[in-house]
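Student: Structure in structure tokens, see below.
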Number of protein chains: 2
Amino acid sequence: MTGLRDRKKQQTHDALSQAAIELFLKRGFDEVSVADIAAAAEVSKPTLFKYFATKQDLALHRIADHAGEAARVVTAAQVGTQASTGSAGSTGSTGSTGSTGSDGSTGSDGSSEGPVTALRDHFVDGLKRRDPVTGLNDDPTVLAFHRLIFETPALAMRRQQFVAADQAALALVLTEVLGGKLAAELLAADLISTQHVLARRNWRVVSAGISADTQYRTARAEAIQAYARLLGR
Amino acid sequence: MTGLRDRKKQQTHDALSQAAIELFLKRGFDEVSVADIAAAAEVSKPTLFKYFATKQDLALHRIADHAGEAARVVTAAQVGTQASTGSAGSTGSTGSTGSTGSDGSTGSDGSSEGPVTALRDHFVDGLKRRDPVTGLNDDPTVLAFHRLIFETPALAMRRQQFVAADQAALALVLTEVLGGKLAAELLAADLISTQHVLARRNWRVVSAGISADTQYRTARAEAIQAYARLLGR
DNA sequence: TCAAAAAGTTAACTCGGTTAAATCTTTGTC
DNA sequence: GACAAAGATTTAACCGAGTTAACTTTTTGA
């Protein structure tokens, strides 16, 4: 099924992404033109734009791939508690499943506890795994990449769009889990904000020179505290 | 002090803004070029960009002017409860001051009640005044304007930047009001999200044909309910 | 009245993104 | 294995946002 055609497409895609990120990290987003990237990947400009809709996406497609993760985590947790047949993660890498040492068992619907604890556990698990999305990762490349995204207005902006899409998807599944649409939208917004605030905070600390290992316990405590706010109704 | 120079500048600024909004509403954001706008306002393109940094700002400067409002409301409420000398509003049009029929008097610091009720009251007051930022306004022009902003990706995106700045400013004043920085950032995010969710919701309803007067009671109730979530810790 | 300062104009340029026509490559079929 | 249809790539030209530099006009204040 994986014909030569598709293999070549994958190759070109990777070549573009790699060339772009390398150049962005070396010279800064604004100091690199799409023509430079196309040249480095040895393709023409129109071809580049057939693979990536915008210049920003050349840096952000890794994040874009994570789209809908929050919604997926909640859905997974939901089917996990409804029937005890725990099959988590539908698309890609969403393996979390407890360990925070807290109850996630309030099975009666109408409560916001399930989703909140599910996302909290997912985040805390991300911290343990030093998942870049948590901000708690001191790998120089990861750090440089985050710096690039957060400190380049155009990238931060486009990133925000993906986050907004994530939030909308989350609101959608929460609408079914909870009763009302208003409550769902509010909670979705709070959940996404919380994650964002925590990640940014971790990133700032790590980026100031503190090692991820040193910061881990604090980050974990802060996360639990932050999500606890959303549990008290 | 208002020399001829400044008067002319104001004139040009207004001519550009007016021409831009008129054209945007008539033909859509993407169907209007900055050259069109410059021509309509009878200035050259470089001059246009001396008045407005981006094409988006030609539509959004009215929103941009509201920058830092949330922070101002909280600060005003703070000085209002610290000393009984109530002088609200530092810069522009921020006249709110109670009437929601609820206590805003918990003067002891460390509590998040003050800021939350202050912003809630401000929002509810906005509803009563049919302030466009609340989404509860069925004036055709206002409606068309909101539609333009929300449904033009480039504008929605740029708007988000202003909102983010607002949030940062709010987080800053909350950091002083509350003890910690984490709590302040989380609360600021929740507060801004809440406002945004409520406004969007109102806009959607009104935009579906329901009159602002008809929706008022519901909108008010929803707002109070939404902010109440943030009071229970 | 006059010179310095502030705006404004023109024209040319950069860069992101698009379009159309021509060319080359992969693929499935006889 | 030849070959036509489908798909991907290239070239070259184009559009529109935003910038730059050199030059002219207008406002100001002494």
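Here, A, B, ... name the chains of the structure tokens in the order displayed, residue numbers run from 1 inside each chain, and ligands are numbered from 1 in the same displayed order.
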Show me a table, sorted first by chain and then by increasing residue number, of the residues of chain B having an atom at most 6 Å from chain A, each with its shortest atom pair and the distance in Å to one decimal, counting only C-alpha atoms and written as a Markdown table.
Tutor:
```
| residue | atom | partner | partner_atom | distance |
| --- | --- | --- | --- | --- |
| B:Ala189 | CA | A:Ser193 | CA | 5.9 |
| B:Asp190 | CA | A:Asp190 | CA | 5.4 |
| B:Ser193 | CA | A:Ala189 | CA | 5.9 |
```
Student: Print the selection's residues with C-alpha atoms to a file, as a CSV table (one decimal), in the first residue's frame.
Tutor:
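File produced: part-v4.csv:
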```csv
chain,number,residue,atom,x,y,z
B,189,ALA,CA,-7.1,33.4,32.5
B,190,ASP,CA,-10.4,32.1,33.8
B,193,SER,CA,-12.1,33.3,29.2
```
Student: Write down, as a ChimeraX atom specification, each residue of chain C that has any atom within 10 Å of an atom of chain B, counting only C-alpha atoms (C1' of nucleotides).
Tutor: /C:6-10
Student: Atoms to include: C-alpha atoms (C1' of nucleotides). Write the selected residues as an mmCIF file, in the first residue's frame.
Tutor:
```cif
data_model
loop_
_atom_site.group_PDB
_atom_site.id
_atom_site.type_symbol
_atom_site.label_atom_id
_atom_site.label_comp_id
_atom_site.auth_asym_id
_atom_site.auth_seq_id
_atom_site.Cartn_x
_atom_site.Cartn_y
_atom_site.Cartn_z
ATOM 1 C "C1'" DA C 6 6.921 67.072 11.177
ATOM 2 C "C1'" DA C 7 4.073 64.936 7.606
ATOM 3 C "C1'" DG C 8 3.242 63.431 3.214
ATOM 4 C "C1'" DT C 9 4.258 61.688 -1.634
ATOM 5 C "C1'" DT C 10 6.425 58.861 -5.068
#
```
Student: Counting only C-alpha atoms (C1' of nucleotides), which residues from chain D have an atom at most 9 Å from any atom of chain B, and could you show them as an MDAnalysis selection string?
Tutor: chainID D and resid 16:19 27:28
Student: Compile the contact shell of DT23 in chain C as a list of chain:residue names: residues with an atom at most 10 Å away, counting only C-alpha atoms (C1' of nucleotides), same-chain residues fewer than 4 positions apart removed.
Tutor: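 Once the adjacent positions are removed, what remains is D:DT9, D:DT10, D:DT11.
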Student: Would you mind exporting N, CA, C and O atoms (P, O5', C5', C4', C3', O3' and C1' of nucleotides) of the selected residues as a PDB file, in the first residue's frame?
Tutor:
```pdb
ATOM      1  P    DT D   9       5.616  16.953  -5.381  1.00  0.00           P
ATOM      2  O5'  DT D   9       6.162  17.660  -6.716  1.00  0.00           O
ATOM      3  C5'  DT D   9       7.073  16.940  -7.542  1.00  0.00           C
ATOM      4  C4'  DT D   9       7.764  17.886  -8.500  1.00  0.00           C
ATOM      5  C3'  DT D   9       8.095  19.244  -7.873  1.00  0.00           C
ATOM      6  O3'  DT D   9       9.472  19.548  -8.075  1.00  0.00           O
ATOM      7  C1'  DT D   9       6.867  19.514  -9.902  1.00  0.00           C
ATOM      8  P    DT D  10      10.076  21.000  -7.834  1.00  0.00           P
ATOM      9  O5'  DT D  10       9.863  21.658  -9.266  1.00  0.00           O
ATOM     10  C5'  DT D  10      10.465  21.057 -10.409  1.00  0.00           C
ATOM     11  C4'  DT D  10      10.434  22.015 -11.585  1.00  0.00           C
ATOM     12  C3'  DT D  10      10.912  23.430 -11.257  1.00  0.00           C
ATOM     13  O3'  DT D  10      11.778  23.880 -12.292  1.00  0.00           O
ATOM     14  C1'  DT D  10       8.714  23.504 -12.146  1.00  0.00           C
ATOM     15  P    DT D  11      12.721  25.159 -12.055  1.00  0.00           P
ATOM     16  O5'  DT D  11      12.131  26.217 -13.081  1.00  0.00           O
ATOM     17  C5'  DT D  11      11.649  25.788 -14.357  1.00  0.00           C
ATOM     18  C4'  DT D  11      10.761  26.852 -14.969  1.00  0.00           C
ATOM     19  C3'  DT D  11      11.145  28.298 -14.639  1.00  0.00           C
ATOM     20  O3'  DT D  11      11.196  29.022 -15.859  1.00  0.00           O
ATOM     21  C1'  DT D  11       8.850  27.945 -14.188  1.00  0.00           C
TER      22       DT D  11
END
```
Student: Give me the residues within 12 Å of DA13 in chain D as a CSV table (one decimal) with N, CA, C and O atoms (P, O5', C5', C4', C3', O3' and C1' of nucleotides), in the first residue's frame, counting only C-alpha atoms (C1' of nucleotides) and dropping any in the same chain fewer than 2 places off.
Tutor:
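Output below, filename around26.csv:
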```csv
chain,number,residue,atom,x,y,z
C,18,DT,P,-1.9,30.6,-0.6
C,18,DT,O5',-1.9,31.1,-2.1
C,18,DT,C5',-2.5,32.4,-2.3
C,18,DT,C4',-2.7,32.6,-3.8
C,18,DT,C3',-3.3,31.4,-4.5
C,18,DT,O3',-4.3,31.9,-5.3
C,18,DT,C1',-1.3,32.1,-5.6
C,19,DT,P,-5.3,30.8,-6.1
C,19,DT,O5',-4.7,30.9,-7.6
C,19,DT,C5',-4.5,32.2,-8.2
C,19,DT,C4',-3.9,32.0,-9.6
C,19,DT,C3',-4.5,30.8,-10.4
C,19,DT,O3',-4.9,31.2,-11.6
C,19,DT,C1',-2.1,30.9,-10.5
C,20,DA,P,-5.9,30.3,-12.5
C,20,DA,O5',-4.8,30.0,-13.7
C,20,DA,C5',-4.1,31.1,-14.3
C,20,DA,C4',-3.1,30.6,-15.3
C,20,DA,C3',-3.6,29.4,-16.1
C,20,DA,O3',-3.3,29.5,-17.4
C,20,DA,C1',-1.6,28.9,-15.0
C,21,DA,P,-3.9,28.5,-18.6
C,21,DA,O5',-2.5,28.1,-19.3
C,21,DA,C5',-1.4,29.0,-19.4
C,21,DA,C4',-0.1,28.3,-19.6
C,21,DA,C3',-0.3,27.0,-20.4
C,21,DA,O3',0.8,27.0,-21.4
C,21,DA,C1',0.7,26.4,-18.4
D,11,DT,P,12.7,25.2,-12.1
D,11,DT,O5',12.1,26.2,-13.1
D,11,DT,C5',11.6,25.8,-14.4
D,11,DT,C4',10.8,26.9,-15.0
D,11,DT,C3',11.1,28.3,-14.6
D,11,DT,O3',11.2,29.0,-15.9
D,11,DT,C1',8.9,27.9,-14.2
D,15,DC,P,-1.3,41.5,-11.2
D,15,DC,O5',-1.7,41.2,-9.7
D,15,DC,C5',-2.7,40.2,-9.4
D,15,DC,C4',-2.8,40.1,-7.9
D,15,DC,C3',-2.8,41.5,-7.2
D,15,DC,O3',-4.0,41.5,-6.3
D,15,DC,C1',-1.1,40.1,-6.2
```
Student: What gap, in Å, lies between CA of Ala70 in chain B and CA of Leu155 in chain B?
Tutor: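 Answer for the CA of Ala70 in chain B to CA of Leu155 in chain B separation: 21.1 Å.
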Student: Tell me which protein, DNA and RNA residues are within 12 Å of Ala208 in chain A, counting only C-alpha atoms (C1' of nucleotides), leaving out same-chain ones fewer than 3 positions away, and put them as a compact mmCIF listing (two decimals) with C-alpha atoms, in the first residue's frame.
Tutor:
```
# COMPACT_ATOMS: atom_id res chain seq x y z
CA LEU A 136 8.99 20.70 31.68
CA ASP A 138 15.33 20.96 29.46
CA LEU A 143 14.02 24.53 24.77
CA ARG A 147 11.63 29.77 22.72
CA ARG A 201 5.23 28.67 33.80
CA ASN A 202 7.31 25.51 33.58
CA TRP A 203 8.90 26.69 30.41
CA ARG A 204 9.89 29.99 32.01
CA VAL A 205 11.50 28.26 34.97
CA SER A 211 16.77 21.61 35.39
CA ALA A 212 13.57 19.73 34.64
CA GLN A 215 11.60 21.51 39.02
```
Student: Rank B:Ala165, B:Ala59, B:Leu148, B:Val124 by their smallest atom-to-atom distance to Ser17 in chain B, using only C-alpha atoms, and report the top residue only.
Tutor: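 Among the listed residues, the smallest separation from Ser17 in chain B belongs to B:Ala59.
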Student: I'd like the interatomic distance between CA of Asp125 in chain B and CA of Arg220 in chain B, to a tenth of an Å.
Tutor: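 According to the coordinates, CA of Asp125 in chain B and CA of Arg220 in chain B are separated by 9.2 Å.
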Student: Could you state the separation of CA of Leu60 in chain B and CA of Ala168 in chain B in Å, given to one decimal place?
Tutor: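 So the two atoms, CA of Leu60 in chain B and CA of Ala168 in chain B, lie 19.1 Å apart.
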Student: Rank D:DA30, D:DA8, D:DC3, D:DA22 by their smallest atom-to-atom distance to DT25 in chain C, using only C-alpha atoms (C1' of nucleotides), and report the top residue only.
Tutor: D:DA8
Student: Going by DSSP on the backbone, which bits of range 21-218 of chain B are alpha helix (DSSP H)? Write them as number ranges by chain, please.
Tutor: B: 21-27, 34-40, 45-51, 55-65, 69-82, 113-128, 140-151, 153-177, 181-207, 212-218
